[in-house]
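Asker: As input, take work_20.txt (compact mmCIF, C-alpha atoms):
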# COMPACT_ATOMS: atom_id res chain seq x y z
CA MET A 27 133.20 159.45 137.79
CA SER A 28 134.38 162.38 135.73
CA GLU A 29 135.01 165.83 137.10
CA ALA A 30 132.74 167.23 134.40
CA GLU A 31 129.81 165.27 135.72
CA ARG A 32 130.39 166.12 139.35
CA GLY A 33 130.32 169.73 138.26
CA TRP A 34 126.76 169.63 136.89
CA PRO A 35 124.85 172.08 139.05
CA LEU A 36 121.45 171.49 140.60
CA TRP A 37 118.47 173.41 139.20
CA GLU A 38 115.09 173.99 140.80
CA VAL A 39 112.23 173.55 138.37
CA PHE A 40 108.98 175.53 138.36
CA VAL A 41 106.10 174.59 136.09
CA ARG A 42 103.03 176.62 135.08
CA PRO A 43 100.26 174.03 134.73
CA ARG A 44 98.16 176.22 132.45
CA ARG A 45 97.71 179.84 131.48
CA GLY A 46 96.35 181.94 134.32
CA LEU A 47 98.11 179.93 137.04
CA ALA A 48 101.44 180.73 138.70
CA HIS A 49 104.55 178.61 138.25
CA THR A 50 104.88 176.14 141.11
CA HIS A 51 107.88 174.16 142.29
CA ALA A 52 107.95 170.72 140.67
CA GLY A 53 111.31 169.37 141.82
CA SER A 54 114.98 169.58 140.97
CA LEU A 55 117.44 168.13 138.48
CA HIS A 56 121.08 168.29 137.39
CA ALA A 57 122.11 169.88 134.11
CA PRO A 58 125.25 171.54 132.72
CA ASP A 59 123.48 174.73 131.65
CA ALA A 60 120.10 176.45 131.59
CA GLU A 61 119.22 175.27 128.10
CA LEU A 62 119.71 171.60 128.94
CA ALA A 63 118.05 172.13 132.32
CA LEU A 64 114.94 173.28 130.45
CA ARG A 65 115.02 170.31 128.10
CA ASN A 66 115.56 167.86 130.95
CA ALA A 67 112.78 169.54 132.93
CA ARG A 68 110.42 169.13 129.98
CA ASP A 69 111.22 165.41 129.75
CA LEU A 70 111.10 164.90 133.50
CA PHE A 71 108.12 166.94 134.65
CA THR A 72 105.82 167.41 131.64
CA ARG A 73 105.60 164.00 129.96
CA ARG A 74 101.80 164.12 130.22
CA GLY A 75 101.06 167.71 129.39
CA GLU A 76 101.44 168.94 132.99
CA GLY A 77 102.75 172.34 131.92
CA VAL A 78 102.70 175.16 129.39
CA SER A 79 105.76 177.00 130.73
CA ILE A 80 108.86 176.06 132.71
CA TRP A 81 111.33 178.10 134.77
CA VAL A 82 114.68 176.68 135.86
CA VAL A 83 116.69 178.42 138.57
CA PRO A 84 120.16 177.45 139.84
CA ALA A 85 119.49 175.92 143.26
CA ALA A 86 122.47 177.90 144.61
CA ALA A 87 120.66 181.13 143.70
CA VAL A 88 117.73 180.46 146.02
CA SER A 89 117.80 182.27 149.37
CA ALA A 90 115.51 180.82 152.00
CA SER A 91 114.31 181.76 155.45
CA SER A 92 115.84 179.66 158.19
CA PRO A 93 113.72 176.81 159.58
CA ASP A 94 115.38 177.34 162.98
CA GLU A 95 113.90 180.77 163.40
CA ARG A 96 110.68 180.21 161.52
CA ASP A 97 108.48 180.98 164.50
CA PRO A 98 110.06 184.34 165.38
CA PHE A 99 110.43 185.16 161.68
CA PHE A 100 106.70 184.89 161.02
CA ARG A 101 105.55 186.08 164.43
CA PRO A 102 104.84 189.67 163.34
CA ALA A 103 101.82 188.37 161.41
CA ALA A 104 100.41 186.35 164.29
CA ASP A 105 99.06 189.20 166.42
CA LYS A 106 97.43 191.28 163.66
CA PRO A 107 93.97 189.83 163.17
CA TYR A 108 92.83 193.27 161.97
CA ARG A 109 94.50 192.43 158.65
CA HIS A 110 91.66 190.01 157.94
CA PRO A 111 88.22 191.19 156.79
CA THR A 112 86.52 188.93 159.33
CA PHE A 113 87.95 191.12 162.13
CA TYR A 114 85.37 193.80 161.44
CA GLU A 115 81.74 193.89 162.50
CA VAL A 116 79.23 194.94 159.89
CA PRO A 117 75.54 195.57 160.68
CA GLU A 118 73.06 192.96 159.55
CA GLY A 119 71.73 193.55 156.06
CA VAL A 120 74.58 195.69 154.73
CA ARG A 121 75.49 194.30 151.33
CA HIS A 122 78.40 194.39 148.89
CA LEU A 123 80.93 195.01 151.65
CA MET B 296 114.98 167.84 175.14
CA GLU B 297 116.77 170.06 172.61
CA PRO B 298 114.42 172.38 170.67
CA GLY B 299 115.06 170.72 167.29
CA ARG B 300 114.17 167.26 168.53
CA GLU B 301 111.14 168.57 170.35
CA ARG B 302 109.86 170.24 167.19
CA PHE B 303 110.58 167.09 165.16
CA GLU B 304 108.61 164.90 167.58
CA ARG B 305 105.76 167.40 167.61
CA THR B 306 105.65 167.57 163.80
CA ILE B 307 105.55 163.77 163.47
CA ALA B 308 102.89 163.47 166.18
CA ALA B 309 100.72 166.07 164.44
CA ASP B 310 101.06 164.08 161.20
CA GLU B 311 102.71 167.03 159.49
CA ARG B 312 105.66 166.76 157.11
CA ILE B 313 109.35 167.11 157.84
CA GLU B 314 111.06 169.32 155.24
CA PRO B 315 114.71 169.29 154.11
CA ARG B 316 116.07 172.08 156.27
CA ASP B 317 114.33 170.97 159.47
CA TRP B 318 116.32 169.37 162.24
CA MET B 319 115.93 165.59 162.16
CA PRO B 320 117.57 162.68 164.05
CA ASP B 321 120.62 161.26 162.26
CA ALA B 322 119.00 157.82 162.15
CA TYR B 323 115.85 159.26 160.52
CA ARG B 324 118.00 160.89 157.85
CA ALA B 325 120.07 157.73 157.32
CA THR B 326 116.97 155.53 157.09
CA LEU B 327 115.46 157.80 154.47
CA VAL B 328 118.64 158.04 152.42
CA ARG B 329 118.93 154.25 152.40
CA GLN B 330 115.27 153.69 151.52
CA ILE B 331 114.96 156.44 148.89
CA ALA B 332 118.27 155.52 147.25
CA GLN B 333 117.31 151.85 147.10
CA HIS B 334 114.00 152.87 145.62
CA ALA B 335 115.70 155.10 143.02
CA HIS B 336 118.18 152.34 142.11
CA SER B 337 115.26 149.92 141.66
CA GLU B 338 113.60 152.26 139.18
CA ILE B 339 116.79 152.59 137.15
CA ILE B 340 117.70 148.89 137.20
CA GLY B 341 114.01 148.16 136.57
CA MET B 342 114.35 149.65 133.09
CA GLN B 343 116.41 146.66 131.99
CA PRO B 344 114.16 143.59 132.20
CA GLU B 345 111.50 145.23 130.03
CA GLY B 346 113.78 147.48 128.04
CA SER B 347 115.24 144.43 126.34
CA TRP B 348 111.81 143.85 124.73
CA ILE B 349 111.52 147.29 123.11
CA THR B 350 113.14 146.16 119.88
CA ARG B 351 111.03 143.01 119.79
CA ALA B 352 107.58 144.35 120.72
CA PRO B 353 104.95 142.69 118.53
CA SER B 354 103.34 145.90 117.23
CA LEU B 355 104.04 149.60 116.92
CA ARG B 356 101.35 150.29 119.54
CA ARG B 357 102.97 147.96 122.07
CA LYS B 358 106.38 149.34 121.26
CA ALA B 359 105.33 152.97 121.82
CA ILE B 360 103.69 151.99 125.13
CA LEU B 361 106.78 150.12 126.29
CA ILE B 362 109.11 152.98 125.41
CA ALA B 363 106.88 155.38 127.36
CA LYS B 364 106.84 153.03 130.31
CA VAL B 365 110.59 152.53 130.42
CA GLN B 366 111.05 156.30 130.08
CA ASP B 367 108.75 156.72 133.09
CA GLU B 368 110.99 154.39 135.12
CA ALA B 369 113.94 156.63 134.34
CA GLY B 370 111.86 159.62 135.40
CA HIS B 371 110.87 157.93 138.65
CA GLY B 372 114.53 157.23 139.39
CA LEU B 373 115.32 160.91 138.87
CA TYR B 374 112.46 162.14 141.09
CA LEU B 375 113.76 159.84 143.81
CA TYR B 376 117.44 160.76 143.46
CA GLY B 377 116.25 164.36 143.67
CA ALA B 378 114.36 163.59 146.90
CA ALA B 379 117.42 161.82 148.33
CA GLU B 380 119.64 164.79 147.51
CA THR B 381 117.48 167.06 149.69
CA LEU B 382 118.88 165.02 152.61
CA GLY B 383 122.40 166.19 151.87
CA VAL B 384 123.75 163.33 149.77
CA ASP B 385 125.06 163.59 146.25
CA ARG B 386 123.51 161.70 143.34
CA ASP B 387 126.91 160.69 141.99
CA GLU B 388 127.79 159.25 145.37
CA LEU B 389 124.57 157.18 145.36
CA LEU B 390 125.28 155.92 141.83
CA ASP B 391 128.83 154.99 142.90
CA LYS B 392 127.34 152.91 145.70
CA LEU B 393 124.95 151.18 143.31
CA HIS B 394 127.72 150.44 140.82
CA SER B 395 130.07 149.09 143.48
CA GLY B 396 127.35 146.89 144.99
CA ARG B 397 127.29 148.71 148.33
CA HIS B 398 123.68 149.74 147.74
CA LYS B 399 120.88 147.30 146.97
CA TYR B 400 117.94 147.51 144.59
CA SER B 401 114.73 145.50 144.63
CA SER B 402 115.59 141.84 144.12
CA ILE B 403 112.62 141.39 141.77
CA PHE B 404 114.70 142.82 138.92
CA ASN B 405 117.17 139.95 139.16
CA TYR B 406 114.69 137.64 137.46
CA PRO B 407 114.85 137.17 133.67
CA THR B 408 112.27 138.14 131.04
CA PRO B 409 112.47 135.30 128.51
CA THR B 410 109.08 135.91 126.82
CA TRP B 411 106.91 138.82 125.69
CA ALA B 412 104.31 137.82 128.29
CA ASP B 413 106.84 138.80 130.98
CA VAL B 414 106.29 142.43 130.02
CA GLY B 415 102.60 141.92 130.86
CA ALA B 416 103.28 140.03 134.10
CA ILE B 417 105.72 142.72 135.26
CA GLY B 418 103.16 145.44 134.60
CA TRP B 419 100.33 143.63 136.31
CA LEU B 420 102.12 141.95 139.24
CA VAL B 421 105.41 143.78 139.82
CA ASP B 422 104.01 147.25 139.23
CA GLY B 423 100.83 146.21 141.04
CA ALA B 424 102.85 145.19 144.11
CA ALA B 425 104.88 148.39 143.81
CA ILE B 426 101.69 150.48 143.78
CA THR B 427 100.36 148.66 146.85
CA ASN B 428 103.65 149.49 148.59
CA GLN B 429 103.87 153.02 147.30
CA VAL B 430 100.40 154.47 147.77
CA PRO B 431 100.90 154.71 151.57
CA LEU B 432 104.30 156.35 150.93
CA CYS B 433 102.43 159.35 149.47
CA ARG B 434 101.70 160.13 153.15
CA CYS B 435 105.27 159.49 154.32
CA SER B 436 106.46 161.96 156.97
CA TYR B 437 109.31 163.27 154.80
CA GLY B 438 107.86 165.90 152.43
CA PRO B 439 110.08 165.53 149.34
CA TYR B 440 109.74 161.71 149.35
CA ALA B 441 105.96 161.93 149.76
CA ARG B 442 105.69 164.44 146.90
CA ALA B 443 107.82 162.28 144.60
CA MET B 444 105.61 159.30 145.42
CA VAL B 445 102.46 161.20 144.46
CA ARG B 446 103.84 161.74 140.97
CA ILE B 447 105.11 158.18 140.73
CA CYS B 448 101.84 156.58 141.82
CA LYS B 449 99.89 158.55 139.22
CA GLU B 450 102.18 157.26 136.50
CA GLU B 451 102.39 153.69 137.79
CA SER B 452 98.71 153.07 137.25
CA PHE B 453 99.27 153.30 133.48
CA HIS B 454 102.07 150.75 133.89
CA GLN B 455 99.84 148.30 135.67
CA ARG B 456 96.95 148.66 133.25
CA GLN B 457 99.04 148.23 130.12
CA GLY B 458 100.46 145.02 131.63
CA TYR B 459 97.03 143.73 132.49
CA GLU B 460 95.72 144.49 129.01
CA LEU B 461 98.73 142.81 127.44
CA LEU B 462 98.13 139.63 129.48
CA LEU B 463 94.42 139.70 128.71
CA THR B 464 95.15 139.89 124.98
CA LEU B 465 97.50 136.91 125.22
CA SER B 466 95.16 134.98 127.47
CA ARG B 467 92.34 135.33 124.91
CA GLY B 468 94.65 134.55 122.00
CA THR B 469 95.83 131.22 120.62
CA PRO B 470 96.44 128.30 123.01
CA GLU B 471 100.18 129.00 122.70
CA GLN B 472 99.68 132.65 123.64
CA HIS B 473 97.46 131.68 126.56
CA ALA B 474 100.10 129.25 127.78
CA MET B 475 102.76 131.92 127.47
CA ALA B 476 100.70 134.27 129.66
CA GLN B 477 100.12 131.56 132.25
CA ASP B 478 103.80 130.66 132.32
CA ALA B 479 104.78 134.29 132.96
CA VAL B 480 102.27 134.61 135.82
CA ASP B 481 103.54 131.33 137.27
CA ARG B 482 107.10 132.69 137.33
CA TRP B 483 106.33 136.20 138.61
CA TRP B 484 103.72 135.50 141.28
CA TRP B 485 105.98 134.41 144.14
CA PRO B 486 108.77 136.93 143.52
CA SER B 487 106.06 139.65 143.49
CA LEU B 488 104.88 138.57 146.95
CA MET B 489 108.50 138.78 148.14
CA MET B 490 108.59 142.44 147.07
CA PHE B 491 106.80 143.38 150.29
CA GLY B 492 109.87 142.33 152.25
CA PRO B 493 110.40 139.80 155.03
CA PRO B 494 107.52 138.83 157.33
CA ASP B 495 106.81 141.30 160.13
CA ASP B 496 108.52 139.20 162.81
CA ALA B 497 111.73 139.16 160.72
CA SER B 498 111.74 142.84 159.74
CA PRO B 499 113.75 144.53 162.49
CA ARG B 500 113.66 148.10 161.19
CA SER B 501 109.91 148.19 160.49
CA ALA B 502 108.77 149.28 163.94
CA ARG B 503 111.01 152.32 163.99
CA SER B 504 110.01 153.34 160.46
CA MET B 505 106.37 153.03 161.46
CA ALA B 506 106.95 155.19 164.57
CA TRP B 507 108.52 157.84 162.33
CA LYS B 508 105.61 157.52 159.88
CA ILE B 509 107.97 156.74 157.03
CA LYS B 510 106.12 153.46 156.77
CA ARG B 511 102.37 153.32 157.34
CA HIS B 512 101.56 149.60 157.10
CA SER B 513 103.49 146.44 157.90
CA ASN B 514 104.96 144.19 155.20
CA ASP B 515 102.49 141.38 155.89
CA GLU B 516 99.52 143.75 155.88
CA LEU B 517 100.44 145.11 152.43
CA ARG B 518 101.20 141.63 151.10
CA GLN B 519 97.75 140.43 152.19
CA ARG B 520 96.12 143.46 150.57
CA PHE B 521 97.91 142.64 147.30
CA VAL B 522 96.90 138.96 147.34
CA ASP B 523 93.27 139.91 148.02
CA ILE B 524 93.29 142.30 145.05
CA CYS B 525 94.94 139.87 142.64
CA VAL B 526 92.70 136.85 143.03
CA ASP B 527 89.73 138.38 141.19
CA GLN B 528 91.98 140.08 138.66
CA ALA B 529 93.55 136.71 137.80
CA ALA B 530 90.13 135.14 137.36
CA ALA B 531 89.09 137.94 134.98
CA LEU B 532 92.25 137.26 132.97
CA GLY B 533 91.31 133.59 132.70
CA LEU B 534 94.63 132.71 134.36
CA THR B 535 95.43 130.93 137.61
CA LEU B 536 97.81 131.86 140.42
CA PRO B 537 100.40 129.15 141.14
CA ASP B 538 99.43 128.48 144.75
CA PRO B 539 97.47 125.34 145.70
CA ASP B 540 96.91 126.75 149.19
CA LEU B 541 95.09 129.84 147.98
CA ARG B 542 91.62 129.83 149.50
CA TRP B 543 89.09 132.30 150.88
CA ASN B 544 89.06 132.50 154.65
CA GLU B 545 85.59 133.55 155.71
CA GLU B 546 86.64 134.14 159.28
CA ARG B 547 89.53 136.48 158.46
CA GLY B 548 87.80 138.03 155.46
CA HIS B 549 91.01 137.51 153.49
CA TRP B 550 92.57 135.01 151.10
CA ASP B 551 94.90 132.50 152.77
CA PHE B 552 98.00 131.77 150.75
CA GLY B 553 100.89 129.31 150.83
CA ALA B 554 104.31 129.68 152.42
CA ILE B 555 106.82 131.96 150.71
CA ASP B 556 110.27 130.57 149.97
CA TRP B 557 112.33 133.05 151.99
CA ASP B 558 115.53 131.11 151.29
CA GLU B 559 115.12 132.07 147.63
CA PHE B 560 114.49 135.69 148.59
CA HIS B 561 117.66 135.89 150.68
CA ALA B 562 119.73 134.08 148.05
CA VAL B 563 118.67 136.57 145.35
CA LEU B 564 119.35 139.42 147.77
CA ARG B 565 122.84 138.03 148.39
CA GLY B 566 123.50 138.21 144.65
CA GLU B 567 122.71 134.64 143.70
CA GLY B 568 119.65 135.44 141.56
CA PRO B 569 119.57 134.56 137.87
CA CYS B 570 120.43 138.09 136.65
CA ASN B 571 122.21 140.00 139.45
CA GLU B 572 125.54 140.12 137.64
CA GLU B 573 123.99 140.93 134.26
CA ARG B 574 121.94 143.86 135.62
CA LEU B 575 124.85 145.52 137.41
CA THR B 576 127.28 144.96 134.57
CA ARG B 577 124.88 146.53 132.12
CA ARG B 578 124.23 149.49 134.43
CA ARG B 579 127.96 150.15 134.85
CA ARG B 580 128.52 149.85 131.12
CA ALA B 581 125.68 152.27 130.31
CA HIS B 582 127.14 154.75 132.78
CA ASP B 583 130.67 154.45 131.40
CA GLU B 584 129.53 154.62 127.80
CA GLY B 585 127.55 157.75 128.56
CA ALA B 586 130.60 159.54 129.96
CA TRP B 587 131.45 161.29 126.69
CA VAL B 588 127.94 162.76 126.48
CA ARG B 589 128.21 164.20 129.98
CA GLU B 590 131.65 165.55 129.25
CA ALA B 591 130.57 167.09 125.95
CA ALA B 592 127.58 168.78 127.56
CA ALA B 593 129.79 170.20 130.32
CA ALA B 594 132.40 171.39 127.80
CA TYR B 595 129.70 173.08 125.74
CA ALA B 596 128.27 174.78 128.83
CA ASP B 597 131.77 176.02 129.76
CA LYS B 598 132.40 177.30 126.27
CA ARG B 599 129.10 179.17 126.16
CA ALA B 600 129.68 180.64 129.61
CA GLY B 601 133.09 181.83 128.34
CA VAL B 602 131.52 183.44 125.26
CA GLY B 603 128.92 185.14 127.44
CA ALA B 604 131.58 186.55 129.75
CA ALA B 605 133.68 187.83 126.83
CA ALA B 606 130.77 189.56 125.10
Rewrite the structure from the file as structure tokens, please.
Answerer:
Amino acid sequence: MSEAERGWPLWEVFVRPRRGLAHTHAGSLHAPDAELALRNARDLFTRRGEGVSIWVVPAAAVSASSPDERDPFFRPAADKPYRHPTFYEVPEGVRHL
Amino acid sequence: MEPGRERFERTIAADERIEPRDWMPDAYRATLVRQIAQHAHSEIIGMQPEGSWITRAPSLRRKAILIAKVQDEAGHGLYLYGAAETLGVDRDELLDKLHSGRHKYSSIFNYPTPTWADVGAIGWLVDGAAITNQVPLCRCSYGPYARAMVRICKEESFHQRQGYELLLTLSRGTPEQHAMAQDAVDRWWWPSLMMFGPPDDASPRSARSMAWKIKRHSNDELRQRFVDICVDQAAALGLTLPDPDLRWNEERGHWDFGAIDWDEFHAVLRGEGPCNEERLTRRRRAHDEGAWVREAAAAYADKRAGVGAAA
């Protein structure tokens, strides 16, 4: 196994299925640089026309919230039902609201 | 119970998915690495038996289909290596283990493909058995594996259909072509049934994998499902399945079938199959001969990064 190969970084691949939709995570792959990562991503994730646009991002560049503290991390949203429209009472018959 | 384990148990019980950065038992992680790696290796080695027919396909149409199929197998291998890497292993390390024989791949690929009809029989029976095995894996408890399987299953159905169509064409062709199709089915039927693994009472790890929801159905259950599906499909092909004991069991509502030669299965697994040595040798050679491409791509990336930094 060559050093060169071990050095190929991991890229996360995001594919936009069609215009008007956001890019979504499709998977990951190894490539020496961004250009080849894009080509590999095309061959790997869009062999049947699954996308019209691809992003590749070095996996090392992704920062993520910690799964260990996911409950406390997202807790601030849990006790704020007034952020949802269904929290509010509207008299019968009022329209377009 | 420690909080990580408690959350893991709760997630499994609720039929939700475990994701890469979640706490998981070491044995769960090790089981998945072993299973996903073996699955990835099978896809990559599985390119060989059919790949050798690309240059000899009987028409441009068949050749284009076969190239697309073999390319899909490579893609499936990559999805699966990617899923395995989310568990903290390195793809190069997995390939090392394949090349040195420390990791196994599905023993089905150690059988030869002497005729064109084998391409059809592999598509219909081998890919058919794989689909039967893999559809439940789309609901596997480990998220990245389940997601890879969704993509794979979608693509496998083309593989199975092209094989079936190929066999149908041969079966309806000249007597020689019909005989060639029958011969391929005769050779691939039993090894395909072995693809579901040892019988339930001889499959020690199954129970734990089922408890973890990695596996959803037992080996024998899936094997029976596959036999039941194939009987009518064989009849529609105008071909027979090589099992004199195959008969409908009204009481069970399933097809009864003959005894599987597990000695053969274990011998092939031990490396005594017709093509074990050939498959591994070719895989190692392809890897070694591709080294200069990998090195060149890395050198080019380094050079460009250097130019970028200087500018």
Asker: Skipping near chain neighbours, those fewer than 3 positions away, what residues fall within 12 Å of Arg386 in chain B using all atoms listed in the file, listed as a PyMOL selection string?
Answerer: (chain A and resi 27+31-36+54-56) or (chain B and resi 328+331-332+335-336+372-383+389-393)
Asker: Using all atoms listed in the file and a distance of at most 7 Å, pull out the residues of chain B that contact chain A, as a list in words.
Answerer: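 The answer, sorted by residue number, is Arg316, Asp317, Gly370, Gly377, Asp387, Arg589, Glu590, Ala592, Ala593 and Ala596 of chain B.
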Asker: Record the distance separating CA of Ala104 in chain A and CA of Arg442 in chain B, expressed in Å with one decimal.
Answerer: 28.5 Å
Asker: Which distance in Å separates CA of Asp481 in chain B and CA of Glu559 in chain B, to one decimal?
Answerer: 15.6 Å
Asker: Under the rule that only C-alpha atoms are counted, which of B:Leu532, B:Ala443, B:Ala506, B:Ile403 is the nearest residue to Phe560 in chain B?
Answerer: B:Ile403
Asker: Phe303 in chain B: which residues within 9 Å, counting all atoms listed in the file, same-chain residues fewer than 3 positions away excluded, as a list of chain:residue names?
Answerer: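 Everything that qualifies: B:Pro298, B:Gly299, B:Arg300, B:Thr306, B:Ile307, B:Ala308, B:Ile313, B:Asp317, B:Trp318, B:Met319, B:Pro320.
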Asker: Residues within 8 Å of Trp483 in chain B, please, as a ChimeraX atom specification. Count all atoms listed in the file; anything in the same chain fewer than 4 positions from it doesn't count.
Answerer: /B:416-417,420-421,479,487
Asker: Enclose range 50-56 of chain A, meaning all of its atoms listed in the file, in a box aligned along x, y and z, pad it by 8 Å on each side, and list the centre and edge lengths in Å to one decimal, as JSON.
Answerer:
{"center_x": 113.0, "center_y": 172.1, "center_z": 139.8, "size_x": 32.2, "size_y": 24.0, "size_z": 20.9}
Asker: Could you check which of B:Val522, B:Leu327, B:Ala309, B:Cys448 is closest to Arg542 in chain B, using all atoms listed in the file?
Answerer: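 Of all the options, B:Val522 lies closest to Arg542 in chain B.
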